[in-house]
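Engineer: Before I ask anything, let me first share the structure, which is written out below as structure tokens.
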Amino acid sequence: MQNFIHNKRADKRKIIKMSKYIDKVLADVKAKNPNEPEFIQAVDEVLTTLDPVLKANPQYEKNAILERMVEPERVIIFRVPWVDDKGFVRVNRAYRVQMNSAIGPYKGGLRFDPTVNLSVLKFLAFEQVFKNSLTTLPMGGGKGGCDFNPKVSPHTPGKRCSDAEVMRFCQSFMTELYRHIGPDTDIPAGDMNVGAREIGYMFGQYKRLANEWTGVLTGKGLTYGGSLIRPEATGYGTVYFAENMLQMRGENLEGKKCVISGAGNVASFAAEKLMQLGATVMTLSDRSGAIYVPDGITPKMLKDIMILKNVKRGELADFAKKNKSVKFFAKANSWQIADKIDAAFPCARQNELNEEDATYLLKHGCTLVGEGANMPSTPEAIAAFVKAKIMYSPGKASNAGGVATSGLEMSQNSGRISWTREEVDAKLKQIMKSIHDNAYEASAKYGDKGNYVMGANIAGFTKVADAMVAQGVC
């Protein structure tokens with residue numbers, strides 16, 4: 001028996017067919033987590049695509065796989081007390097969500113941002129389970145972070161936290177977290193506002209407390225166990241996935257007009273790779289607004305932006321003031337600026353691209369959307385892209401290059417070896433091709449060829465589900 005349930009957050013024209021099993025699990029998730037909208041959205045997006053694989057594999061329902069998958073194996077919540085430069089004691093709240101370890105140790109980033117809460121981290125950890133599964137590497141899923149904001153000084157308006165304040169915070173954060181992680185248990189990495197500086201401080205504190213040098217964090221500096229290509233990997237991988245989608249239609253990126261949101265590592269390196277492949281990158285954005293260069297951001301401009309963001313820790317508004325050829329749109333995103341758009345790459349944060357943005361993109365010629373961020377498109381936007389049958393890749397598939405290269409860093413640490421830039425890049429390209437091909441083949445097998453949302457969800461789910469069945473009730 002099947003019933004039909006209207007998804008109120010989806011396109012009004014779309015009715016989603018779901019089994020009673022999926023319906024029951026979704027209802028339970030909503031009842032148990034009423035104040036966690038991001039988590040509910042992520043679970044809904046995955047479960048509503050799984051009906052074909054659940055019908056073909058009744059053992060999943062018999063073993064309560066969905067019920068177990070939506071419940072974290074463990075959630076750790078702790079306080080982080082630290083002292084600012086003025087001598088005042090500050091206290092933040094931190095989390096680590098260890099979601100699923102069926103196919104390997106927990107793996108996922110740490111995010112420092114005032115938007116961090118349990119709902120956001122459970123959504124990210126849930127997505128991470130399927131993303132890590134898609135890489136084909138033996139990694140489970142987890143996510144963590146804190147509501148600490150390194151971009152805002154707690155005592156001086158208009159200033160950022162000093163390096164000394166960030167160090168003291170990271171050391172206090174790791175003093176608790178180190179009890180719950182390890183190279184065969186849980187291997188965190190960077191995420192929003194957690195870059196090389198923060199990873200270095202945390203790694204140093206872990207080493208000090210545990211009295212051992214081990215690959216317990218990824219995203220490390222090259223002088224102490226980091227991997228070449230790791231900073232570039234998420235952005236590069238997003239573009240490699242887009243390349244694979246285009247190749248299925250006999251196209252490539254040469255001459256494509258692209259819009260990108262964000263200006264951090266993911267956005268910057270996606271822009272770099274797009275330029276290398278002959279595309280024109282017209283936009284980048286941050287919290288101050290969006291820049292627009294109709295003829296394309298140049299490699300020199302991009303280099304200056306990367307220095308501004310990563311070294312000077314400035315904003316795009318500052319860059320626009322010094323570059324007269326750059327148009328700046330204060331507090332705007334990248335989606336409704338350009339007149340002609342071939343491809344869009346949302347690389348900033350969740351739910352940044354809504355239905356109105358999707359309608360604009362489609363109206364102005366966009367035929368490809370490659371997500372570099374985690375769940376950056378709202379359900380309404382996703383419904384519009386799927387209905388239009390454009391090339392649309394969900395973040396769990398197209399931005400998996402970052403965690404894939406973290407997995408390669410783990411391998412190098414375990415073997416006490418270091419691969420060349422070319423070796424790591426070649427492995428990344430192959431992993432992204434495998435992710436694309438597995439998602440495409442799953443979509444074809446279950447009746448909706450080219451639907452990468454369905455394909456990525458099913459391909460990622462099946463590997464984890466089979467491992468959970470094999471390991472019994474645990």
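By order of appearance in the structure tokens: chains A, B, ..., then residues from 1 within every chain, and ligands from 1 in the order shown.
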Name all residues at most 9 Å from A:Ser285 (count only C-alpha atoms; drop same-chain ones fewer than 6 positions away) and give them as a PyMOL selection string.
Structural biologist: chain A and resi 260-263+267+291-292+316+331-334+348
Engineer: Export C-alpha atoms of the chosen residues as a short mmCIF file (atom, residue, chain, number, x, y, z; two decimals), in the first residue's frame?
Structural biologist:
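Below is the file that was written, out-v1.cif:
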```cif
data_model
loop_
_atom_site.label_atom_id
_atom_site.label_comp_id
_atom_site.auth_asym_id
_atom_site.auth_seq_id
_atom_site.Cartn_x
_atom_site.Cartn_y
_atom_site.Cartn_z
CA ILE A 260 29.33 31.75 -7.38
CA SER A 261 28.26 32.63 -3.86
CA GLY A 262 30.73 32.84 -1.01
CA ALA A 263 34.34 34.00 -0.93
CA ALA A 267 34.10 29.52 -3.47
CA ILE A 291 30.73 41.65 -6.41
CA TYR A 292 29.88 41.43 -10.11
CA LEU A 316 34.42 42.14 -0.43
CA LYS A 331 23.94 42.86 1.41
CA ALA A 332 23.00 41.04 -1.81
CA ASN A 333 23.64 37.46 -2.89
CA SER A 334 25.03 36.33 -6.24
CA ALA A 348 28.28 29.86 1.11
#
```
Engineer: Report the residues of stretch 83-188 of chain A whose backbone DSSP state falls under strand (DSSP E or B), written as a PyMOL selection string.
Structural biologist: chain A and resi 83+89-100+106-112+141-146+182+186-188
Engineer: Ranking A:Gly237, A:Gly395, A:Pro150, A:Gly472 by minimum distance to A:Gln59 and counting only C-alpha atoms, which one comes first?
Structural biologist: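 Residue with the minimum atom-to-atom distance to A:Gln59: A:Gly472.
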Engineer: Would you tabulate, counting only C-alpha atoms, all residues of stretch 50-93 of chain A that have an atom at most 8 Å from an atom of stretch 151-165 of chain A, showing the closest pair of atoms and their distance in Å to one decimal, sorted by chain then ascending number, as JSON lines?
Structural biologist:
```
{"residue": "A:Val83", "atom": "CA", "partner": "A:Glu165", "partner_atom": "CA", "distance": 7.3}
{"residue": "A:Asp84", "atom": "CA", "partner": "A:Glu165", "partner_atom": "CA", "distance": 5.6}
{"residue": "A:Asp85", "atom": "CA", "partner": "A:Glu165", "partner_atom": "CA", "distance": 6.5}
{"residue": "A:Lys86", "atom": "CA", "partner": "A:His155", "partner_atom": "CA", "distance": 7.7}
```
Engineer: So which residues touch A:Val116 within 12 Å, counting only C-alpha atoms, skipping near sequence neighbours fewer than 4 positions away, as a list in words?
Structural biologist: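 Non-adjacent residues within range: Glu36, Glu38, Asn92, Arg93, Ala94, Tyr95, Arg96, Leu110, Arg111, Phe112, Val120, Leu121, Lys122, Phe123, Leu124, Lys143, Gly144, Gly145, Cys146, Asp147, Phe148, Asn149, Asp191, Met192, Asn193, Arg349 and Gln350 of chain A.
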Engineer: What lies within 9 Å of stretch 309-312 of chain A using only C-alpha atoms, ignoring chain neighbours under 4 positions off, as a list in words?
Structural biologist: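 Within the cut-off, the hits are Gly195, Ala263, Gly264, Asn265, Asp304, Ile305 and Leu316 of chain A.
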Engineer: So what do you get for atom CA of A:Glu272 versus atom CA of A:Thr238, distance-wise?
Structural biologist: 11.6 Å
Engineer: Within 10 Å of A:Glu254, counting only C-alpha atoms, which residues qualify if same-chain residues fewer than 4 places away don't, as a list in words?
Structural biologist: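 Once the adjacent positions are removed, what remains is Leu274, Met275, Gln276, Leu277, Gly278, Ala279 and Thr280 of chain A.
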Engineer: Set the distance at 10 Å and use only C-alpha atoms: which residues neighbour A:Lys207 once local chain neighbours fewer than 6 positions away are removed? I'd like the list as a PyMOL selection string.
Structural biologist: chain A and resi 178+213-214+216
Engineer: Would you output that residue set with C-alpha atoms, as a compact mmCIF listing (two decimals), in the first residue's frame?
Structural biologist:
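Below is the file that was written, result04.txt:
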```
# COMPACT_ATOMS: atom_id res chain seq x y z
CA TYR A 178 39.99 15.46 23.00
CA TRP A 213 51.34 12.70 17.49
CA THR A 214 48.54 11.16 15.49
CA VAL A 216 43.37 13.06 14.79
```
Engineer: Write out as a list in words each polymer residue whose atoms come within 8 Å of stretch 133-137 of chain A, counting only C-alpha atoms; drop sequence neighbours fewer than 3 positions from it.
Structural biologist: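 In the requested format, the answer is Ile103, Val129, Phe130, Gly140, Ala397, Ala400, Gly401, Ala404, Gly407, Ile431, Met432, Ser434, Ile435, Asn438, Ala456, Ala459, Gly460, Phe461, Lys463 and Val464 of chain A.
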Engineer: Could you take the residues named above and write them with N, CA and C atoms, as an mmCIF file, in the first residue's frame?
Structural biologist:
```cif
data_model
loop_
_atom_site.group_PDB
_atom_site.id
_atom_site.type_symbol
_atom_site.label_atom_id
_atom_site.label_comp_id
_atom_site.auth_asym_id
_atom_site.auth_seq_id
_atom_site.Cartn_x
_atom_site.Cartn_y
_atom_site.Cartn_z
ATOM 1 N N ILE A 103 30.287 2.438 8.694
ATOM 2 C CA ILE A 103 31.294 2.101 7.675
ATOM 3 C C ILE A 103 32.681 2.650 8.013
ATOM 4 N N VAL A 129 26.977 11.644 6.733
ATOM 5 C CA VAL A 129 26.937 10.179 6.659
ATOM 6 C C VAL A 129 26.865 9.722 5.203
ATOM 7 N N PHE A 130 25.985 10.335 4.429
ATOM 8 C CA PHE A 130 25.787 9.924 3.032
ATOM 9 C C PHE A 130 26.915 10.438 2.138
ATOM 10 N N GLY A 140 32.674 7.109 8.660
ATOM 11 C CA GLY A 140 31.347 7.392 9.147
ATOM 12 C C GLY A 140 31.094 8.890 9.132
ATOM 13 N N ALA A 397 26.857 15.189 -2.757
ATOM 14 C CA ALA A 397 27.599 14.561 -3.849
ATOM 15 C C ALA A 397 28.703 15.478 -4.361
ATOM 16 N N ALA A 400 31.696 16.666 -1.927
ATOM 17 C CA ALA A 400 32.359 15.598 -1.174
ATOM 18 C C ALA A 400 33.865 15.556 -1.391
ATOM 19 N N GLY A 401 34.391 16.375 -2.283
ATOM 20 C CA GLY A 401 35.833 16.371 -2.531
ATOM 21 C C GLY A 401 36.650 16.748 -1.311
ATOM 22 N N ALA A 404 36.719 13.756 0.999
ATOM 23 C CA ALA A 404 37.472 12.706 0.310
ATOM 24 C C ALA A 404 38.973 12.941 0.458
ATOM 25 N N GLY A 407 40.112 12.127 3.798
ATOM 26 C CA GLY A 407 40.355 10.697 3.881
ATOM 27 C C GLY A 407 41.731 10.329 3.334
ATOM 28 N N ILE A 431 37.831 10.074 -7.580
ATOM 29 C CA ILE A 431 36.778 9.924 -6.571
ATOM 30 C C ILE A 431 35.528 10.681 -7.011
ATOM 31 N N MET A 432 35.691 11.899 -7.521
ATOM 32 C CA MET A 432 34.528 12.680 -7.945
ATOM 33 C C MET A 432 33.829 12.029 -9.136
ATOM 34 N N SER A 434 33.763 8.789 -9.638
ATOM 35 C CA SER A 434 33.060 7.629 -9.068
ATOM 36 C C SER A 434 31.768 8.053 -8.386
ATOM 37 N N ILE A 435 31.813 9.173 -7.640
ATOM 38 C CA ILE A 435 30.604 9.674 -6.981
ATOM 39 C C ILE A 435 29.546 10.007 -8.024
ATOM 40 N N ASN A 438 28.221 6.718 -9.688
ATOM 41 C CA ASN A 438 27.377 5.932 -8.781
ATOM 42 C C ASN A 438 26.007 6.585 -8.606
ATOM 43 N N ALA A 456 22.120 10.269 -5.616
ATOM 44 C CA ALA A 456 23.111 10.434 -4.554
ATOM 45 C C ALA A 456 22.574 9.905 -3.230
ATOM 46 N N ALA A 459 22.470 5.973 -3.468
ATOM 47 C CA ALA A 459 23.814 5.384 -3.491
ATOM 48 C C ALA A 459 24.490 5.509 -2.125
ATOM 49 N N GLY A 460 24.355 6.673 -1.500
ATOM 50 C CA GLY A 460 24.956 6.861 -0.182
ATOM 51 C C GLY A 460 24.267 6.028 0.886
ATOM 52 N N PHE A 461 22.953 5.985 0.823
ATOM 53 C CA PHE A 461 22.158 5.255 1.816
ATOM 54 C C PHE A 461 22.430 3.756 1.775
ATOM 55 N N LYS A 463 24.914 1.783 0.929
ATOM 56 C CA LYS A 463 26.158 1.262 1.510
ATOM 57 C C LYS A 463 26.077 1.259 3.032
ATOM 58 N N VAL A 464 25.585 2.350 3.614
ATOM 59 C CA VAL A 464 25.485 2.444 5.067
ATOM 60 C C VAL A 464 24.440 1.457 5.594
#
```
Engineer: Just to confirm, what's the straight-line distance from atom CA of A:Gly455 to atom CA of A:Lys62 in Å (one decimal)?
Structural biologist: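 So the two atoms, atom CA of A:Gly455 and atom CA of A:Lys62, lie 23.0 Å apart.
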Engineer: What parts of stretch 243-463 of chain A does DSSP call alpha helix (DSSP H)? I'd like the answer as a PDB file with C-alpha atoms, in the first residue's frame.
Structural biologist:
```pdb
ATOM      1  CA  GLU A 243      32.417  18.566 -15.515  1.00  0.00           C
ATOM      2  CA  ASN A 244      31.150  14.994 -15.277  1.00  0.00           C
ATOM      3  CA  MET A 245      27.518  16.126 -15.527  1.00  0.00           C
ATOM      4  CA  LEU A 246      28.313  18.216 -18.605  1.00  0.00           C
ATOM      5  CA  GLN A 247      30.192  15.344 -20.245  1.00  0.00           C
ATOM      6  CA  MET A 248      27.019  13.238 -20.042  1.00  0.00           C
ATOM      7  CA  ASN A 265      38.006  28.406   0.455  1.00  0.00           C
ATOM      8  CA  VAL A 266      35.210  26.557  -1.349  1.00  0.00           C
ATOM      9  CA  ALA A 267      34.101  29.515  -3.474  1.00  0.00           C
ATOM     10  CA  SER A 268      37.622  30.766  -4.186  1.00  0.00           C
ATOM     11  CA  PHE A 269      39.003  27.434  -5.330  1.00  0.00           C
ATOM     12  CA  ALA A 270      35.866  26.623  -7.311  1.00  0.00           C
ATOM     13  CA  ALA A 271      36.428  29.945  -9.084  1.00  0.00           C
ATOM     14  CA  GLU A 272      40.094  29.117  -9.647  1.00  0.00           C
ATOM     15  CA  LYS A 273      39.318  25.736 -11.194  1.00  0.00           C
ATOM     16  CA  LEU A 274      36.516  27.161 -13.353  1.00  0.00           C
ATOM     17  CA  MET A 275      38.916  29.767 -14.739  1.00  0.00           C
ATOM     18  CA  GLN A 276      41.509  27.076 -15.449  1.00  0.00           C
ATOM     19  CA  PRO A 299      43.115  35.428 -11.750  1.00  0.00           C
ATOM     20  CA  LYS A 300      44.852  38.528 -10.328  1.00  0.00           C
ATOM     21  CA  MET A 301      41.575  39.722  -8.776  1.00  0.00           C
ATOM     22  CA  LEU A 302      40.940  36.280  -7.307  1.00  0.00           C
ATOM     23  CA  LYS A 303      44.411  36.169  -5.784  1.00  0.00           C
ATOM     24  CA  ASP A 304      43.839  39.584  -4.191  1.00  0.00           C
ATOM     25  CA  ILE A 305      40.474  38.436  -2.821  1.00  0.00           C
ATOM     26  CA  MET A 306      42.028  35.324  -1.296  1.00  0.00           C
ATOM     27  CA  ILE A 307      44.685  37.439   0.445  1.00  0.00           C
ATOM     28  CA  LEU A 308      41.998  39.855   1.618  1.00  0.00           C
ATOM     29  CA  LYS A 309      39.842  37.062   3.078  1.00  0.00           C
ATOM     30  CA  ASN A 310      42.500  34.700   4.436  1.00  0.00           C
ATOM     31  CA  LEU A 316      34.421  42.135  -0.431  1.00  0.00           C
ATOM     32  CA  ALA A 317      33.118  45.653   0.210  1.00  0.00           C
ATOM     33  CA  ASP A 318      36.739  46.637   0.883  1.00  0.00           C
ATOM     34  CA  PHE A 319      37.867  44.990  -2.363  1.00  0.00           C
ATOM     35  CA  ALA A 320      35.190  46.753  -4.417  1.00  0.00           C
ATOM     36  CA  LYS A 321      36.219  50.172  -3.099  1.00  0.00           C
ATOM     37  CA  GLU A 355      12.634  29.619  -4.965  1.00  0.00           C
ATOM     38  CA  GLU A 356      12.750  33.218  -6.242  1.00  0.00           C
ATOM     39  CA  ASP A 357      16.483  32.879  -6.889  1.00  0.00           C
ATOM     40  CA  ALA A 358      15.935  29.549  -8.662  1.00  0.00           C
ATOM     41  CA  THR A 359      13.253  31.087 -10.882  1.00  0.00           C
ATOM     42  CA  TYR A 360      15.617  33.929 -11.816  1.00  0.00           C
ATOM     43  CA  LEU A 361      18.464  31.544 -12.612  1.00  0.00           C
ATOM     44  CA  LEU A 362      16.281  29.350 -14.819  1.00  0.00           C
ATOM     45  CA  LYS A 363      14.783  32.370 -16.595  1.00  0.00           C
ATOM     46  CA  PRO A 379      13.289  22.621  -0.848  1.00  0.00           C
ATOM     47  CA  GLU A 380      11.337  24.958  -3.150  1.00  0.00           C
ATOM     48  CA  ALA A 381      14.476  25.769  -5.158  1.00  0.00           C
ATOM     49  CA  ILE A 382      15.390  22.085  -5.447  1.00  0.00           C
ATOM     50  CA  ALA A 383      11.871  21.283  -6.683  1.00  0.00           C
ATOM     51  CA  ALA A 384      12.211  23.979  -9.362  1.00  0.00           C
ATOM     52  CA  PHE A 385      15.574  22.623 -10.555  1.00  0.00           C
ATOM     53  CA  VAL A 386      14.373  19.014 -10.624  1.00  0.00           C
ATOM     54  CA  LYS A 387      11.186  19.942 -12.484  1.00  0.00           C
ATOM     55  CA  ALA A 388      13.197  21.906 -15.065  1.00  0.00           C
ATOM     56  CA  GLY A 395      25.983  19.149  -1.895  1.00  0.00           C
ATOM     57  CA  LYS A 396      26.355  15.677  -0.422  1.00  0.00           C
ATOM     58  CA  ALA A 397      27.599  14.561  -3.849  1.00  0.00           C
ATOM     59  CA  SER A 398      29.296  17.550  -5.451  1.00  0.00           C
ATOM     60  CA  GLY A 401      35.833  16.371  -2.531  1.00  0.00           C
ATOM     61  CA  GLY A 402      36.818  18.033   0.734  1.00  0.00           C
ATOM     62  CA  VAL A 403      36.110  15.067   2.972  1.00  0.00           C
ATOM     63  CA  ALA A 404      37.472  12.706   0.310  1.00  0.00           C
ATOM     64  CA  THR A 405      40.820  14.491   0.455  1.00  0.00           C
ATOM     65  CA  SER A 406      40.616  14.467   4.247  1.00  0.00           C
ATOM     66  CA  GLY A 407      40.355  10.697   3.881  1.00  0.00           C
ATOM     67  CA  LEU A 408      43.459  10.779   1.696  1.00  0.00           C
ATOM     68  CA  GLU A 409      45.209  12.846   4.395  1.00  0.00           C
ATOM     69  CA  MET A 410      44.259  10.182   6.949  1.00  0.00           C
ATOM     70  CA  SER A 411      45.771   7.512   4.692  1.00  0.00           C
ATOM     71  CA  GLN A 412      48.997   9.481   4.317  1.00  0.00           C
ATOM     72  CA  ASN A 413      49.217  10.014   8.094  1.00  0.00           C
ATOM     73  CA  SER A 414      48.633   6.315   8.797  1.00  0.00           C
ATOM     74  CA  GLY A 415      51.329   5.287   6.348  1.00  0.00           C
ATOM     75  CA  ARG A 421      50.087  17.510  -5.552  1.00  0.00           C
ATOM     76  CA  GLU A 422      49.550  15.714  -8.860  1.00  0.00           C
ATOM     77  CA  GLU A 423      48.926  12.372  -7.139  1.00  0.00           C
ATOM     78  CA  VAL A 424      46.336  13.815  -4.747  1.00  0.00           C
ATOM     79  CA  ASP A 425      44.588  15.776  -7.515  1.00  0.00           C
ATOM     80  CA  ALA A 426      44.395  12.658  -9.708  1.00  0.00           C
ATOM     81  CA  LYS A 427      42.883  10.662  -6.831  1.00  0.00           C
ATOM     82  CA  LEU A 428      40.392  13.491  -6.163  1.00  0.00           C
ATOM     83  CA  LYS A 429      39.326  13.565  -9.831  1.00  0.00           C
ATOM     84  CA  GLN A 430      38.782   9.808  -9.810  1.00  0.00           C
ATOM     85  CA  ILE A 431      36.778   9.924  -6.571  1.00  0.00           C
ATOM     86  CA  MET A 432      34.528  12.680  -7.945  1.00  0.00           C
ATOM     87  CA  LYS A 433      33.986  10.685 -11.132  1.00  0.00           C
ATOM     88  CA  SER A 434      33.060   7.629  -9.068  1.00  0.00           C
ATOM     89  CA  ILE A 435      30.604   9.674  -6.981  1.00  0.00           C
ATOM     90  CA  HIS A 436      29.031  11.069 -10.146  1.00  0.00           C
ATOM     91  CA  ASP A 437      28.811   7.695 -11.845  1.00  0.00           C
ATOM     92  CA  ASN A 438      27.377   5.932  -8.781  1.00  0.00           C
ATOM     93  CA  ALA A 439      24.723   8.637  -8.333  1.00  0.00           C
ATOM     94  CA  TYR A 440      23.820   8.577 -12.041  1.00  0.00           C
ATOM     95  CA  GLU A 441      23.621   4.779 -12.142  1.00  0.00           C
ATOM     96  CA  ALA A 442      21.441   4.672  -9.006  1.00  0.00           C
ATOM     97  CA  SER A 443      19.056   7.234 -10.510  1.00  0.00           C
ATOM     98  CA  ALA A 444      18.792   5.136 -13.672  1.00  0.00           C
ATOM     99  CA  LYS A 445      18.351   1.857 -11.761  1.00  0.00           C
ATOM    100  CA  TYR A 452      21.210  13.329  -8.975  1.00  0.00           C
ATOM    101  CA  VAL A 453      19.208  14.105  -5.825  1.00  0.00           C
ATOM    102  CA  MET A 454      17.612  10.676  -5.849  1.00  0.00           C
ATOM    103  CA  GLY A 455      20.744   8.962  -7.145  1.00  0.00           C
ATOM    104  CA  ALA A 456      23.111  10.434  -4.554  1.00  0.00           C
ATOM    105  CA  ASN A 457      20.717   9.720  -1.696  1.00  0.00           C
ATOM    106  CA  ILE A 458      20.152   6.110  -2.723  1.00  0.00           C
ATOM    107  CA  ALA A 459      23.814   5.384  -3.491  1.00  0.00           C
ATOM    108  CA  GLY A 460      24.956   6.861  -0.182  1.00  0.00           C
ATOM    109  CA  PHE A 461      22.158   5.255   1.816  1.00  0.00           C
ATOM    110  CA  THR A 462      22.529   1.731   0.461  1.00  0.00           C
ATOM    111  CA  LYS A 463      26.158   1.262   1.510  1.00  0.00           C
TER     112      LYS A 463
END
```
Engineer: Using Å and a single decimal, report how far atom CA of A:Tyr106 sits from atom CA of A:Thr223.
Structural biologist: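 Those two atoms sit 24.9 Å apart.
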Engineer: Let me make sure I understand: among A:Arg168, A:Lys55, A:Lys30, A:Lys107, which one has the smallest atom-to-atom distance to A:Thr218 if we use only C-alpha atoms?
Structural biologist: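 Ranking A:Arg168, A:Lys55, A:Lys30, A:Lys107 by distance to A:Thr218, first place goes to A:Lys107.
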